[in-house]
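Colleague: What follows is a single structure, and I will ask about it in a moment.
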Amino acid sequence: MAISSAAELSLPAAGTYEIDPAASSVRFDTRALGLLRVRGTFTIAQGRITVAETSEASSVDVEVEAASFASGIPRRDNHVRSSDFLDVERHPTIHFRSRGLERSAQGASLHGELTVCGATRPVVVTIGSVVGEGERITVGGTASIDRYAFGVKKARGMAARRLKITLEIVARR
């Protein structure tokens with residue numbers, strides 16, 4: 001088993017790994033009314049991690065089901081899925097495609113593009129851990145998403161502008 005922190009990231013064996021949606025999680029944490037903590041999840045539809053011989057050439061491509069937004073409060077969840085926010089009827093998926101992995105003394109980060117509601121913006125995912133176990137890898141990471149950058153601006157002052165995303169991705173060759 002290869003376990004590494006972001007600062008000493010060692011890549012698993014080169015190859016293509018299919019993301020296991022059932023074993024992976026995409027969690028969000030934000031605020032409502034500036035005080036109330038709102039937590040929840042999204043479901044991954046599909047994705048793949050391609051580990052190249054050099055970290056810079058490695059890539060990630062993942063699709064998340066926008067309608068899977070779940071915070072535990074059905075009324076809020078339905079409103080977030082509506083045209084006021086995610087507009088899941090017109091934009092059923094959220095898509096992330098990386099442009100490369102960058103390592104520094106501070107750790108590792110995955111630079112890519114996120115598409116939400118038809119708007120594509122750059123996003124950086126900070127890699128927290130990589131665990132390689134034979135044909136399986138688990139990657140943990142975080143990102144901060146500015147919903148305004150994607151045109152999701154309804155309820156300013158009521159719903160926070162930023163969401164913290166926490167990823168635990170399991171993939172198999």
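Residue numbers start at 1 in each chain; chains themselves are named A, B, ... in the order of the structure tokens; ligands are numbered from 1 in the order shown.
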Env of segment 155-171 of chain A: 7 Å cut, atoms = only C-alpha atoms, seq-sep filter 6 positions within chain, self excluded. Answer as a PDB file with C-alpha atoms, in the first residue's frame.
Modeller:
```pdb
ATOM      1  CA  TYR A  17      -8.805   4.170 -13.297  1.00  0.00           C
ATOM      2  CA  GLU A  18     -12.604   4.284 -13.451  1.00  0.00           C
ATOM      3  CA  ILE A  19     -14.211   6.201 -10.585  1.00  0.00           C
ATOM      4  CA  ASP A  20     -16.524   4.090  -8.426  1.00  0.00           C
ATOM      5  CA  ALA A  23     -17.625   4.313  -3.055  1.00  0.00           C
ATOM      6  CA  SER A  24     -16.856   7.992  -3.757  1.00  0.00           C
ATOM      7  CA  SER A  25     -18.280  11.129  -2.173  1.00  0.00           C
ATOM      8  CA  VAL A  26     -18.665  14.793  -3.048  1.00  0.00           C
ATOM      9  CA  ARG A  27     -19.627  16.815   0.035  1.00  0.00           C
ATOM     10  CA  PHE A  28     -20.318  20.523   0.318  1.00  0.00           C
ATOM     11  CA  ASP A  29     -20.311  22.894   3.268  1.00  0.00           C
ATOM     12  CA  THR A  30     -21.682  26.438   3.113  1.00  0.00           C
ATOM     13  CA  ARG A  31     -23.784  28.927   5.105  1.00  0.00           C
ATOM     14  CA  ALA A  32     -27.322  30.273   4.927  1.00  0.00           C
ATOM     15  CA  LEU A  33     -28.194  33.692   6.346  1.00  0.00           C
ATOM     16  CA  GLY A  34     -24.528  34.037   7.248  1.00  0.00           C
ATOM     17  CA  ARG A 136      -7.481   0.698  -6.449  1.00  0.00           C
ATOM     18  CA  ILE A 137      -6.653   4.308  -5.584  1.00  0.00           C
ATOM     19  CA  THR A 138      -8.313   6.688  -3.156  1.00  0.00           C
ATOM     20  CA  VAL A 139      -7.780  10.418  -3.485  1.00  0.00           C
ATOM     21  CA  GLY A 140      -8.910  13.079  -1.019  1.00  0.00           C
ATOM     22  CA  GLY A 141      -9.127  16.744  -1.867  1.00  0.00           C
ATOM     23  CA  THR A 142     -10.845  20.081  -1.312  1.00  0.00           C
ATOM     24  CA  ALA A 143     -11.892  23.051  -3.423  1.00  0.00           C
ATOM     25  CA  SER A 144     -13.609  26.383  -2.873  1.00  0.00           C
ATOM     26  CA  ILE A 145     -16.327  27.235  -5.373  1.00  0.00           C
ATOM     27  CA  ASP A 146     -17.651  30.762  -5.967  1.00  0.00           C
ATOM     28  CA  ARG A 147     -21.223  30.190  -7.148  1.00  0.00           C
ATOM     29  CA  TYR A 148     -21.455  33.740  -8.516  1.00  0.00           C
TER      30      TYR A 148
END
```
Colleague: Just the residues within 8 Å of Ala45 of chain A, please, counting only C-alpha atoms, with nothing from its chain fewer than 3 positions along; format it as a list in words.
Modeller: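 Result of the neighbour search: Pro21, Val62, Glu63, Val64 and Glu65 of chain A.
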Colleague: Could you save those same residues with N, CA and C atoms as a PDB file, in the first residue's frame?
Modeller:
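Generated file (part-v5.pdb):
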```pdb
ATOM      1  N   PRO A  21     -18.627   5.385  -8.396  1.00  0.00           N
ATOM      2  CA  PRO A  21     -19.566   6.356  -7.819  1.00  0.00           C
ATOM      3  C   PRO A  21     -20.106   5.930  -6.452  1.00  0.00           C
ATOM      4  N   VAL A  62     -14.617  14.021 -14.633  1.00  0.00           N
ATOM      5  CA  VAL A  62     -15.709  13.502 -13.808  1.00  0.00           C
ATOM      6  C   VAL A  62     -16.996  14.281 -14.043  1.00  0.00           C
ATOM      7  N   GLU A  63     -18.103  13.552 -13.992  1.00  0.00           N
ATOM      8  CA  GLU A  63     -19.427  14.125 -14.184  1.00  0.00           C
ATOM      9  C   GLU A  63     -20.247  13.868 -12.923  1.00  0.00           C
ATOM     10  N   VAL A  64     -20.861  14.930 -12.400  1.00  0.00           N
ATOM     11  CA  VAL A  64     -21.682  14.864 -11.193  1.00  0.00           C
ATOM     12  C   VAL A  64     -23.133  15.129 -11.585  1.00  0.00           C
ATOM     13  N   GLU A  65     -24.061  14.419 -10.972  1.00  0.00           N
ATOM     14  CA  GLU A  65     -25.488  14.610 -11.244  1.00  0.00           C
ATOM     15  C   GLU A  65     -25.972  15.842 -10.477  1.00  0.00           C
TER      16      GLU A  65
END
```
Colleague: Determine the nearest neighbour of Leu110 of chain A from the options A:Arg37, A:Ala13, A:Ile49, A:Pro92, counting only C-alpha atoms.
Modeller: A:Ile49
Colleague: For atom CA of Leu86 of chain A and atom CA of Val60 of chain A, determine how far apart the two atoms are, in Å to one decimal place.
Modeller: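 Computing it gives 22.8 Å between the two atoms.
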Colleague: Taking the chain letters and numbering used in this document, name the residues of chain A that DSSP puts in alpha helix (DSSP H), as an MDAnalysis selection string.
Modeller: chainID A and resid 74:81
Colleague: What is the atom CA of Gly100 of chain A-atom CA of Ala66 of chain A distance in Å, reported with one decimal?
Modeller: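 One can read the atom CA of Gly100 of chain A to atom CA of Ala66 of chain A distance as 24.4 Å.
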Colleague: Using the chain letters and numbers from this document, which residues of segment 67-151 of chain A does DSSP assign to strand (DSSP E), as a count of residues only?
Modeller: 52
Colleague: Excluding same-chain residues fewer than 5 positions from Asp84 of chain A, what lies within 8 Å of it counting only C-alpha atoms, as a VMD selection string?
Modeller: chain A and resid 79 152 154
Colleague: Using only C-alpha atoms, please write the residues we just selected to a file, as a CSV table (one decimal), in the first residue's frame.
Modeller:
```csv
chain,number,residue,atom,x,y,z
A,79,HIS,CA,-35.4,25.0,-4.6
A,152,VAL,CA,-25.7,31.2,-9.7
A,154,LYS,CA,-30.1,34.0,-6.6
```
Colleague: Have a look at A:Phe150, A:Thr115, A:Ala105, A:Asp61 and name the one nearest to Thr93 of chain A; count only C-alpha atoms.
Modeller: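 Looking at the shortest contact to Thr93 of chain A, the residue is A:Thr115.
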Colleague: My list of candidates is A:Arg173, A:His111, A:Arg81, A:Arg39. Which is closest to Arg97 of chain A when distances are computed with only C-alpha atoms?
Modeller: A:His111
Colleague: My list of candidates is A:Ala70, A:Val51, A:Cys117, A:Ile44. Which is closest to Ser83 of chain A when distances are computed with only C-alpha atoms?
Modeller: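 The answer is A:Cys117, which sits nearest to Ser83 of chain A.
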